[in-house]
Structure formats: C-alpha cells, structure tokens
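Here is the structure we will look at, set down as structure tokens.
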Number of protein chains: 2
Amino acid sequence: MKRKLLSACIALVMGVGGGYASMVLAQQKPEVLVKQRQAAMTLQGKYWGPVNAMAQGKAPYDAAVAARNAGFLEALSKMPWDGFHESTKDTTEKTRALPAVYENPAKFKEAADRLQTATTKLVASAKDETAFKAAAGEVGKACGGCHNDFRAK
Amino acid sequence: MKRKLLSACIALVMGVGGGYASMVLAQQKPEVLVKQRQAAMTLQGKYWGPVNAMAQGKAPYDAAVAARNAGFLEALSKMPWDGFHESTKDTTEKTRALPAVYENPAKFKEAADRLQTATTKLVASAKDETAFKAAAGEVGKACGGCHNDFRAK
C-alpha cells in the first residue's frame, strides 16, 4: 500500500512540475494545498491584470512593466499544479476546481503546460510591443481554456 | 488633492518595488491588496519549507530543488510589498500586519529589501550545498526579523 502510494506520488511529481519539493508538498494537508494553489491563482491575476490591460490597449505599453510582469507570470505559472493533488479531491475547502481536474489528468496537464509555454513566450516577447500583445493573447487563451474546462463558473 | 494623492502614490511606487503595475495596484480595493499580499506570503511559505528543511539537515540537499525553490522565492520576495498600501491600514480584512508597517515605512522597506537581497544570494548559491545552507540562514533571518517587528504573534 505504501509502495502504491509512493508510485502514485512519483507519477504525480514526474507529471506535474517535478522535484523533491513536490514530494514534500504531496504530504501537505489538503487544505494547505488548496490554499497554496489559490494563492498562485490570486497572484497570477495580480500580474495578469496590467498585461491584459496593455494587450487590450486599455493601458499604454510599458516595456519595464511588461518584462517584470511576464517574468512573475512565468514563475507563477509553474506553482499551482502540484496543489491539485488527488488528496484535495474531496476537500471541504471552498474551491471552484471541477471533478474534471482529477477525472482527466492528462487534459489538465495539457492545459497547465499550455499556460507555462505561453508565459515563457510572453517573457521572450516583452521588449517588443506587437509581439508582446500577441503573446499576451495566447496567455489569455490558456487561462480561459483551462478555466472553461476545469473551473466552476 | 488629486495631485497630493498622485505624489504619495509615486513615492510609494518608487520606494517599494516600483513600476506602472504598482500604480495600477495602488488603485485596487484594500481587500484585494490584502488578499494578494497574503497570497505572496503563502507561496513564500510553500517554497521556503523545503529550503529550510534542507538548511537544517531535515531533508537531503537536492541541487535541483534548491535552484528551483530559490528562483521562486526570489520572484515571490518582490511581490508582497505594494500590497501594504496605506489604503489597507484600516482594512476590516483579517490581517496580522501591525500598525508599525505604516508608522515606520522606512524600516519596513529595509526589512523588505533585506529579504530580496537574501533570496538573490540564495539563487546565486543554490549549486553549492554549504553556500546554499548559509544563504538560507540569511533568508530565514530576514523572514523572522520582519515578522518580529511587523506581524502580530
């Protein structure tokens, strides 16, 4: 049984964002994991706001802010996923995560990877206004796509 | 009056972590700012845990985890500060931030800067176990020092 749990844990770790730290996290209480993944979402919202405003022409493009926020978003885009551990499936914490997260882990991982790829491109494009706005559009689609499929309205 | 507010805002932005994004944030509702700064603290805790465990010999040193978590901590160490905006001083949100944050902004900024410097050194030292453990000690002191002075027990 312990071995089974360990295998599942290793599979999770290899699959989503990896490393020993995730092993440590996998032993965290479900309510802590939920709180941590929600914290990552909150901060993604914080730094996405100005990026989206620039992309939509609601705020003037600012290369320094573009680079800073893109860098933060790239880091943050790696943080939520180990928080969606199987142990949080039946949490009593308030969460909008849908059962689909646990029922379709391959599709969920694909959505998570898409965001990480998009934020890496956002970092690479931050110095050029046109490229940055296009890259921001892809980040927005990655957010929206995942929320559509895996988050309650 | 508007000009006065703008000046105060610019001073805050220049003082703590800077950039246009912070201006945008300064217009956020106090409860959002509190939520965002607490999210940054939550994630610092998430990635500090394994670093501290390695530093204290409670977990084996792992260079990959050391580098990854140090990088995350460096990014996260820049995120909380604009959330301690003057507008959050009298928030009804649950917060352990002490009045000292607003009464002694220079000392608070010093404490914030200390953490950012310490996490940058943590990143630089991550490949070397001995240096990493020493650098982690400094990060721990930066956390503790700030919490002692600016956070309720």
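Quick note on naming: the chains in the structure tokens go A, B, ... in the order shown, residues restart at 1 in each chain, and ligands are numbered from 1 in order of appearance.
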
Pick out the chain A residues within 12 Å of chain B. Count only C-alpha atoms. Give them as a short mmCIF file (atom, residue, chain, number, x, y, z; two decimals) with all heavy atoms, in the first residue's frame.
data_model
loop_
_atom_site.label_atom_id
_atom_site.label_comp_id
_atom_site.auth_asym_id
_atom_site.auth_seq_id
_atom_site.Cartn_x
_atom_site.Cartn_y
_atom_site.Cartn_z
N GLY A 17 5.36 19.24 -12.92
CA GLY A 17 6.21 20.27 -12.32
C GLY A 17 7.36 19.78 -11.47
O GLY A 17 8.20 20.58 -11.07
N GLY A 18 7.39 18.52 -11.17
CA GLY A 18 8.51 17.78 -10.63
C GLY A 18 9.29 18.25 -9.43
O GLY A 18 9.12 19.33 -8.89
N GLY A 19 10.19 17.34 -9.01
CA GLY A 19 11.15 17.68 -7.98
C GLY A 19 10.76 17.20 -6.60
O GLY A 19 9.61 16.91 -6.31
N TYR A 20 11.74 17.17 -5.76
CA TYR A 20 11.58 16.71 -4.39
C TYR A 20 10.60 17.59 -3.62
O TYR A 20 9.82 17.12 -2.79
CB TYR A 20 12.94 16.72 -3.70
CG TYR A 20 12.86 16.46 -2.23
CD1 TYR A 20 12.71 15.17 -1.74
CD2 TYR A 20 12.92 17.52 -1.34
CE1 TYR A 20 12.62 14.94 -0.39
CE2 TYR A 20 12.83 17.30 0.02
CZ TYR A 20 12.68 16.00 0.50
OH TYR A 20 12.59 15.78 1.83
N ALA A 21 10.63 18.88 -3.92
CA ALA A 21 9.74 19.81 -3.22
C ALA A 21 8.29 19.37 -3.37
O ALA A 21 7.51 19.49 -2.44
CB ALA A 21 9.92 21.22 -3.76
N SER A 22 7.97 18.85 -4.54
CA SER A 22 6.60 18.41 -4.76
C SER A 22 6.30 17.20 -3.90
O SER A 22 5.18 17.04 -3.42
CB SER A 22 6.40 18.08 -6.23
OG SER A 22 6.70 19.20 -7.01
N MET A 23 7.28 16.34 -3.71
CA MET A 23 7.10 15.19 -2.82
C MET A 23 6.75 15.70 -1.43
O MET A 23 5.84 15.20 -0.79
CB MET A 23 8.39 14.38 -2.73
CG MET A 23 8.65 13.47 -3.88
SD MET A 23 7.40 12.19 -4.04
CE MET A 23 7.80 11.15 -2.61
N VAL A 24 7.48 16.69 -1.00
CA VAL A 24 7.20 17.27 0.31
C VAL A 24 5.76 17.78 0.34
O VAL A 24 5.01 17.53 1.26
CB VAL A 24 8.19 18.42 0.62
CG1 VAL A 24 7.78 19.15 1.89
CG2 VAL A 24 9.60 17.88 0.75
N LEU A 25 5.42 18.48 -0.75
CA LEU A 25 4.08 19.06 -0.81
C LEU A 25 2.99 18.03 -0.84
O LEU A 25 1.91 18.24 -0.31
CB LEU A 25 3.97 19.92 -2.07
CG LEU A 25 4.60 21.27 -1.86
CD1 LEU A 25 4.77 21.96 -3.19
CD2 LEU A 25 3.75 22.10 -0.92
N ALA A 26 3.28 16.91 -1.51
CA ALA A 26 2.27 15.87 -1.62
C ALA A 26 1.89 15.35 -0.24
O ALA A 26 0.85 14.75 -0.06
CB ALA A 26 2.77 14.75 -2.50
N GLN A 27 2.74 15.63 0.74
CA GLN A 27 2.44 15.19 2.10
C GLN A 27 1.72 16.29 2.88
O GLN A 27 1.36 16.11 4.03
CB GLN A 27 3.74 14.81 2.81
CG GLN A 27 4.41 13.60 2.18
CD GLN A 27 5.89 13.53 2.49
OE1 GLN A 27 6.40 14.27 3.32
NE2 GLN A 27 6.60 12.65 1.80
N GLN A 28 1.55 17.44 2.26
CA GLN A 28 0.84 18.54 2.90
C GLN A 28 -0.63 18.18 3.10
O GLN A 28 -1.19 17.39 2.35
CB GLN A 28 0.92 19.80 2.04
CG GLN A 28 2.20 20.58 2.18
CD GLN A 28 2.27 21.35 3.50
OE1 GLN A 28 1.44 21.17 4.39
NE2 GLN A 28 3.27 22.19 3.61
N VAL A 32 -4.09 22.92 3.02
CA VAL A 32 -2.91 23.73 2.73
C VAL A 32 -2.66 23.77 1.23
O VAL A 32 -2.39 24.82 0.65
CB VAL A 32 -1.67 23.19 3.49
CG1 VAL A 32 -0.41 23.94 3.06
CG2 VAL A 32 -1.88 23.29 4.99
N LEU A 33 -2.78 22.61 0.59
CA LEU A 33 -2.58 22.55 -0.86
C LEU A 33 -3.58 23.45 -1.60
O LEU A 33 -3.23 24.14 -2.54
CB LEU A 33 -2.72 21.10 -1.35
CG LEU A 33 -1.63 20.15 -0.87
CD1 LEU A 33 -1.97 18.70 -1.26
CD2 LEU A 33 -0.28 20.52 -1.47
N VAL A 34 -4.82 23.42 -1.15
CA VAL A 34 -5.86 24.25 -1.78
C VAL A 34 -5.51 25.72 -1.59
O VAL A 34 -5.57 26.52 -2.54
CB VAL A 34 -7.26 23.94 -1.19
CG1 VAL A 34 -8.30 24.95 -1.68
CG2 VAL A 34 -7.69 22.53 -1.58
N LYS A 35 -5.11 26.08 -0.38
CA LYS A 35 -4.76 27.47 -0.10
C LYS A 35 -3.58 27.92 -0.97
O LYS A 35 -3.56 29.03 -1.50
CB LYS A 35 -4.40 27.60 1.39
CG LYS A 35 -4.33 29.03 1.88
CD LYS A 35 -3.94 29.08 3.35
CE LYS A 35 -3.56 30.51 3.73
NZ LYS A 35 -2.94 30.60 5.05
N GLN A 36 -2.60 27.04 -1.12
CA GLN A 36 -1.41 27.39 -1.90
C GLN A 36 -1.73 27.54 -3.38
O GLN A 36 -1.25 28.46 -4.04
CB GLN A 36 -0.32 26.33 -1.70
CG GLN A 36 0.29 26.36 -0.31
CD GLN A 36 1.22 25.19 -0.03
OE1 GLN A 36 1.11 24.14 -0.67
NE2 GLN A 36 2.10 25.34 0.94
N ARG A 37 -2.53 26.64 -3.91
CA ARG A 37 -2.83 26.75 -5.34
C ARG A 37 -3.69 27.98 -5.61
O ARG A 37 -3.54 28.64 -6.64
CB ARG A 37 -3.46 25.45 -5.87
CG ARG A 37 -4.91 25.24 -5.49
CD ARG A 37 -5.38 23.82 -5.81
NE ARG A 37 -6.81 23.72 -5.67
CZ ARG A 37 -7.48 22.59 -5.47
NH1 ARG A 37 -6.83 21.44 -5.36
NH2 ARG A 37 -8.79 22.57 -5.37
N GLN A 38 -4.58 28.30 -4.66
CA GLN A 38 -5.40 29.51 -4.83
C GLN A 38 -4.55 30.76 -4.73
O GLN A 38 -4.81 31.76 -5.41
CB GLN A 38 -6.54 29.52 -3.80
CG GLN A 38 -7.60 28.45 -4.12
CD GLN A 38 -8.71 28.35 -3.10
OE1 GLN A 38 -8.59 28.83 -1.98
NE2 GLN A 38 -9.80 27.70 -3.48
N ALA A 39 -3.52 30.71 -3.89
CA ALA A 39 -2.60 31.85 -3.77
C ALA A 39 -1.90 32.10 -5.10
O ALA A 39 -1.72 33.24 -5.53
CB ALA A 39 -1.58 31.58 -2.66
N ALA A 40 -1.51 31.01 -5.77
CA ALA A 40 -0.85 31.15 -7.08
C ALA A 40 -1.81 31.77 -8.09
O ALA A 40 -1.42 32.62 -8.89
CB ALA A 40 -0.35 29.79 -7.57
N MET A 41 -3.07 31.37 -8.04
CA MET A 41 -4.07 31.94 -8.95
C MET A 41 -4.28 33.43 -8.65
O MET A 41 -4.38 34.25 -9.56
CB MET A 41 -5.41 31.19 -8.83
CG MET A 41 -5.35 29.74 -9.26
SD MET A 41 -5.01 29.54 -11.05
CE MET A 41 -4.74 27.76 -11.13
N THR A 42 -4.36 33.76 -7.37
CA THR A 42 -4.53 35.16 -6.97
C THR A 42 -3.41 36.03 -7.52
O THR A 42 -3.64 37.12 -8.07
CB THR A 42 -4.56 35.27 -5.43
OG1 THR A 42 -5.74 34.61 -4.95
CG2 THR A 42 -4.58 36.72 -4.96
N LEU A 43 -2.18 35.55 -7.40
CA LEU A 43 -1.04 36.34 -7.87
C LEU A 43 -0.95 36.36 -9.39
O LEU A 43 -0.50 37.35 -9.98
CB LEU A 43 0.25 35.83 -7.24
CG LEU A 43 0.37 36.16 -5.74
CD1 LEU A 43 1.58 35.46 -5.13
CD2 LEU A 43 0.46 37.67 -5.51
N GLN A 44 -1.37 35.29 -10.02
CA GLN A 44 -1.44 35.32 -11.49
C GLN A 44 -2.40 36.42 -11.91
O GLN A 44 -2.13 37.18 -12.85
CB GLN A 44 -1.86 33.95 -12.04
CG GLN A 44 -0.74 32.94 -11.94
CD GLN A 44 -1.09 31.57 -12.53
OE1 GLN A 44 -0.40 31.07 -13.40
NE2 GLN A 44 -2.16 30.98 -12.04
N GLY A 45 -3.51 36.53 -11.20
CA GLY A 45 -4.47 37.59 -11.50
C GLY A 45 -3.87 38.97 -11.31
O GLY A 45 -4.06 39.88 -12.13
N LYS A 46 -3.10 39.11 -10.23
CA LYS A 46 -2.47 40.40 -9.94
C LYS A 46 -1.57 40.86 -11.09
O LYS A 46 -1.62 42.01 -11.50
CB LYS A 46 -1.65 40.30 -8.65
CG LYS A 46 -0.85 41.55 -8.31
CD LYS A 46 -0.07 41.39 -6.99
CE LYS A 46 0.79 42.62 -6.73
NZ LYS A 46 1.62 42.50 -5.52
N TYR A 47 -0.75 39.97 -11.59
CA TYR A 47 0.22 40.37 -12.61
C TYR A 47 -0.31 40.24 -14.03
O TYR A 47 0.23 40.84 -14.96
CB TYR A 47 1.54 39.61 -12.40
CG TYR A 47 2.16 40.04 -11.09
CD1 TYR A 47 2.15 39.21 -9.98
CD2 TYR A 47 2.67 41.33 -10.94
CE1 TYR A 47 2.67 39.62 -8.76
CE2 TYR A 47 3.18 41.76 -9.73
CZ TYR A 47 3.18 40.91 -8.64
OH TYR A 47 3.67 41.35 -7.44
N TRP A 48 -1.38 39.48 -14.19
CA TRP A 48 -2.01 39.39 -15.50
C TRP A 48 -2.82 40.66 -15.79
O TRP A 48 -2.87 41.11 -16.94
CB TRP A 48 -2.92 38.15 -15.55
CG TRP A 48 -3.82 38.13 -16.74
CD1 TRP A 48 -5.19 38.20 -16.75
CD2 TRP A 48 -3.44 38.04 -18.12
NE1 TRP A 48 -5.68 38.16 -18.03
CE2 TRP A 48 -4.62 38.06 -18.89
CE3 TRP A 48 -2.21 37.94 -18.77
CZ2 TRP A 48 -4.61 38.00 -20.28
CZ3 TRP A 48 -2.19 37.88 -20.16
CH2 TRP A 48 -3.38 37.90 -20.91
N GLY A 49 -3.43 41.23 -14.78
CA GLY A 49 -4.27 42.43 -14.97
C GLY A 49 -3.59 43.50 -15.82
O GLY A 49 -4.11 43.87 -16.88
N PRO A 50 -2.42 44.00 -15.41
CA PRO A 50 -1.76 45.04 -16.20
C PRO A 50 -1.31 44.56 -17.59
O PRO A 50 -1.32 45.33 -18.54
CB PRO A 50 -0.53 45.41 -15.35
CG PRO A 50 -0.92 45.02 -13.96
CD PRO A 50 -1.78 43.80 -14.11
N VAL A 51 -0.95 43.28 -17.69
CA VAL A 51 -0.54 42.73 -19.00
C VAL A 51 -1.74 42.75 -19.94
O VAL A 51 -1.66 43.20 -21.09
CB VAL A 51 0.01 41.29 -18.86
CG1 VAL A 51 0.19 40.64 -20.23
CG2 VAL A 51 1.32 41.30 -18.09
N ASN A 52 -2.86 42.29 -19.45
CA ASN A 52 -4.08 42.25 -20.25
C ASN A 52 -4.53 43.66 -20.62
O ASN A 52 -4.97 43.89 -21.75
CB ASN A 52 -5.18 41.52 -19.45
CG ASN A 52 -6.37 41.14 -20.31
OD1 ASN A 52 -6.21 40.84 -21.50
ND2 ASN A 52 -7.55 41.17 -19.73
N ALA A 53 -4.41 44.58 -19.67
CA ALA A 53 -4.79 45.98 -19.95
C ALA A 53 -3.93 46.54 -21.08
O ALA A 53 -4.42 47.23 -21.98
CB ALA A 53 -4.64 46.82 -18.68
N MET A 54 -2.63 46.23 -21.06
CA MET A 54 -1.75 46.69 -22.14
C MET A 54 -2.11 46.01 -23.45
O MET A 54 -2.16 46.64 -24.51
CB MET A 54 -0.28 46.41 -21.77
CG MET A 54 0.26 47.33 -20.70
SD MET A 54 2.07 47.20 -20.52
CE MET A 54 2.21 45.83 -19.37
N LYS A 58 -5.90 49.23 -23.11
CA LYS A 58 -6.54 49.99 -22.03
C LYS A 58 -5.50 50.68 -21.16
O LYS A 58 -5.82 51.52 -20.32
CB LYS A 58 -7.42 49.07 -21.18
CG LYS A 58 -8.65 48.60 -21.91
CD LYS A 58 -9.48 47.63 -21.07
CE LYS A 58 -10.62 47.05 -21.89
NZ LYS A 58 -11.27 45.90 -21.24
N ALA A 59 -4.26 50.26 -21.30
CA ALA A 59 -3.14 50.92 -20.62
C ALA A 59 -2.01 51.01 -21.64
O ALA A 59 -1.90 50.14 -22.52
CB ALA A 59 -2.70 50.10 -19.41
N PRO A 60 -1.21 52.07 -21.57
CA PRO A 60 -0.12 52.19 -22.54
C PRO A 60 0.93 51.09 -22.31
O PRO A 60 1.19 50.71 -21.16
CB PRO A 60 0.46 53.57 -22.26
CG PRO A 60 0.04 53.91 -20.86
CD PRO A 60 -1.23 53.18 -20.60
N TYR A 61 1.49 50.60 -23.40
CA TYR A 61 2.55 49.59 -23.31
C TYR A 61 3.75 50.19 -22.57
O TYR A 61 4.18 51.30 -22.86
CB TYR A 61 2.96 49.15 -24.72
CG TYR A 61 4.24 48.34 -24.76
CD1 TYR A 61 4.25 47.00 -24.39
CD2 TYR A 61 5.43 48.92 -25.20
CE1 TYR A 61 5.42 46.27 -24.43
CE2 TYR A 61 6.60 48.19 -25.24
CZ TYR A 61 6.59 46.86 -24.85
OH TYR A 61 7.76 46.14 -24.89
N ASP A 62 4.25 49.44 -21.61
CA ASP A 62 5.40 49.88 -20.82
C ASP A 62 6.36 48.69 -20.76
O ASP A 62 6.05 47.67 -20.13
CB ASP A 62 4.92 50.29 -19.42
CG ASP A 62 6.06 50.71 -18.50
OD1 ASP A 62 7.13 50.06 -18.51
OD2 ASP A 62 5.87 51.69 -17.75
N ALA A 63 7.49 48.83 -21.43
CA ALA A 63 8.41 47.69 -21.58
C ALA A 63 8.87 47.14 -20.24
O ALA A 63 9.02 45.92 -20.07
CB ALA A 63 9.61 48.10 -22.43
N ALA A 64 9.10 48.03 -19.27
CA ALA A 64 9.59 47.58 -17.96
C ALA A 64 8.53 46.76 -17.22
O ALA A 64 8.82 45.71 -16.65
CB ALA A 64 10.02 48.78 -17.12
N VAL A 65 7.31 47.24 -17.27
CA VAL A 65 6.21 46.52 -16.62
C VAL A 65 5.95 45.20 -17.35
O VAL A 65 5.73 44.16 -16.73
CB VAL A 65 4.92 47.36 -16.60
CG1 VAL A 65 3.77 46.55 -16.01
CG2 VAL A 65 5.14 48.63 -15.80
N ALA A 66 6.03 45.26 -18.68
CA ALA A 66 5.82 44.06 -19.49
C ALA A 66 6.82 42.97 -19.08
O ALA A 66 6.44 41.83 -18.83
CB ALA A 66 5.95 44.38 -20.97
N ALA A 67 8.09 43.36 -18.98
CA ALA A 67 9.14 42.39 -18.65
C ALA A 67 8.96 41.87 -17.22
O ALA A 67 9.08 40.67 -16.96
CB ALA A 67 10.51 43.04 -18.81
N ARG A 68 8.69 42.78 -16.31
CA ARG A 68 8.56 42.38 -14.91
C ARG A 68 7.37 41.43 -14.71
O ARG A 68 7.51 40.35 -14.14
CB ARG A 68 8.38 43.61 -14.02
CG ARG A 68 8.50 43.30 -12.55
CD ARG A 68 8.09 44.48 -11.68
NE ARG A 68 6.65 44.55 -11.59
CZ ARG A 68 5.98 44.93 -10.50
NH1 ARG A 68 6.65 45.32 -9.42
NH2 ARG A 68 4.66 44.97 -10.47
N ASN A 69 6.22 41.84 -15.21
CA ASN A 69 5.03 41.02 -15.01
C ASN A 69 5.13 39.70 -15.76
O ASN A 69 4.70 38.66 -15.25
CB ASN A 69 3.78 41.79 -15.45
CG ASN A 69 3.37 42.84 -14.43
OD1 ASN A 69 4.23 43.39 -13.74
ND2 ASN A 69 2.10 43.10 -14.31
N ALA A 70 5.72 39.71 -16.95
CA ALA A 70 5.90 38.46 -17.69
C ALA A 70 6.78 37.50 -16.89
O ALA A 70 6.48 36.31 -16.78
CB ALA A 70 6.51 38.74 -19.06
N GLY A 71 7.86 38.02 -16.33
CA GLY A 71 8.75 37.18 -15.52
C GLY A 71 8.03 36.59 -14.31
O GLY A 71 8.17 35.41 -14.00
N PHE A 72 7.25 37.43 -13.64
CA PHE A 72 6.47 36.94 -12.49
C PHE A 72 5.47 35.88 -12.94
O PHE A 72 5.30 34.85 -12.29
CB PHE A 72 5.72 38.09 -11.82
CG PHE A 72 6.60 39.01 -10.99
CD1 PHE A 72 6.11 40.21 -10.49
CD2 PHE A 72 7.91 38.68 -10.68
CE1 PHE A 72 6.89 41.05 -9.72
CE2 PHE A 72 8.71 39.51 -9.91
CZ PHE A 72 8.19 40.71 -9.42
N LEU A 73 4.79 36.15 -14.06
CA LEU A 73 3.78 35.19 -14.54
C LEU A 73 4.42 33.86 -14.93
O LEU A 73 3.85 32.80 -14.69
CB LEU A 73 3.01 35.79 -15.72
CG LEU A 73 2.00 36.88 -15.35
CD1 LEU A 73 1.48 37.59 -16.60
CD2 LEU A 73 0.83 36.31 -14.55
N GLU A 74 5.62 33.95 -15.50
CA GLU A 74 6.29 32.70 -15.88
C GLU A 74 6.57 31.85 -14.62
O GLU A 74 6.33 30.64 -14.61
CB GLU A 74 7.60 32.97 -16.62
CG GLU A 74 8.18 31.69 -17.20
CD GLU A 74 9.56 31.86 -17.81
OE1 GLU A 74 10.30 32.78 -17.39
OE2 GLU A 74 9.91 31.07 -18.70
N ALA A 75 7.07 32.51 -13.59
CA ALA A 75 7.33 31.78 -12.33
C ALA A 75 6.02 31.26 -11.74
O ALA A 75 5.90 30.08 -11.39
CB ALA A 75 8.05 32.69 -11.34
N LEU A 76 5.03 32.12 -11.67
CA LEU A 76 3.75 31.73 -11.05
C LEU A 76 3.05 30.62 -11.82
O LEU A 76 2.35 29.79 -11.22
CB LEU A 76 2.82 32.96 -10.96
CG LEU A 76 3.26 34.03 -9.95
CD1 LEU A 76 2.50 35.34 -10.21
CD2 LEU A 76 3.04 33.56 -8.51
N SER A 77 3.25 30.58 -13.14
CA SER A 77 2.56 29.57 -13.96
C SER A 77 3.05 28.15 -13.64
O SER A 77 2.44 27.18 -14.05
CB SER A 77 2.76 29.86 -15.45
OG SER A 77 4.06 29.48 -15.86
N LYS A 78 4.16 28.07 -12.92
CA LYS A 78 4.67 26.75 -12.53
C LYS A 78 4.18 26.33 -11.14
O LYS A 78 4.40 25.21 -10.71
CB LYS A 78 6.20 26.78 -12.51
CG LYS A 78 6.83 27.06 -13.86
CD LYS A 78 8.35 27.04 -13.77
CE LYS A 78 9.00 27.17 -15.12
NZ LYS A 78 9.00 28.53 -15.66
N MET A 79 3.54 27.23 -10.41
CA MET A 79 3.26 26.98 -9.00
C MET A 79 1.95 26.29 -8.62
O MET A 79 1.90 25.64 -7.59
CB MET A 79 3.38 28.30 -8.23
CG MET A 79 4.77 28.91 -8.30
SD MET A 79 4.91 30.40 -7.24
CE MET A 79 6.50 31.06 -7.82
N PRO A 80 0.88 26.43 -9.43
CA PRO A 80 -0.38 25.90 -8.90
C PRO A 80 -0.52 24.38 -8.94
O PRO A 80 -1.25 23.82 -8.12
CB PRO A 80 -1.46 26.50 -9.84
CG PRO A 80 -0.77 27.58 -10.60
CD PRO A 80 0.67 27.18 -10.67
N ASP A 82 0.94 21.29 -8.51
CA ASP A 82 1.07 20.22 -7.50
C ASP A 82 0.07 20.41 -6.37
O ASP A 82 -0.11 19.51 -5.55
CB ASP A 82 2.52 20.09 -7.00
CG ASP A 82 3.08 21.40 -6.47
OD1 ASP A 82 2.35 22.40 -6.45
OD2 ASP A 82 4.26 21.42 -6.08
N GLY A 83 -0.57 21.55 -6.36
CA GLY A 83 -1.64 21.77 -5.37
C GLY A 83 -2.93 21.05 -5.70
O GLY A 83 -3.80 20.88 -4.84
#

Extract, using only C-alpha atoms, all DNA, RNA and protein residues at most 12 Å from Thr117 in chain B, discarding same-chain residues fewer than 3 positions from it, and format them as a VMD selection string. chain B and resid 70 73 to 75 77 to 78 110 to 114 120 to 124 135 to 136 138 to 139 141 to 143

What is the CA of Lys109 in chain B to CA of Gln56 in chain B distance in Å?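 Distance reported for this atom pair: 28.1 Å.
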
Close residues, range 94-105 of chain B itself excluded, 6 Å, only C-alpha atoms, min 3 positions apart in chain, as a compact mmCIF listing (two decimals) with C-alpha atoms, in the first residue's frame:
# COMPACT_ATOMS: atom_id res chain seq x y z
CA PHE B 108 9.62 48.23 6.76
CA LYS B 109 11.21 48.88 3.38
CA PHE B 150 5.74 43.98 11.66
CA ARG B 151 3.49 40.96 12.19
CA ALA B 152 1.25 40.15 15.15
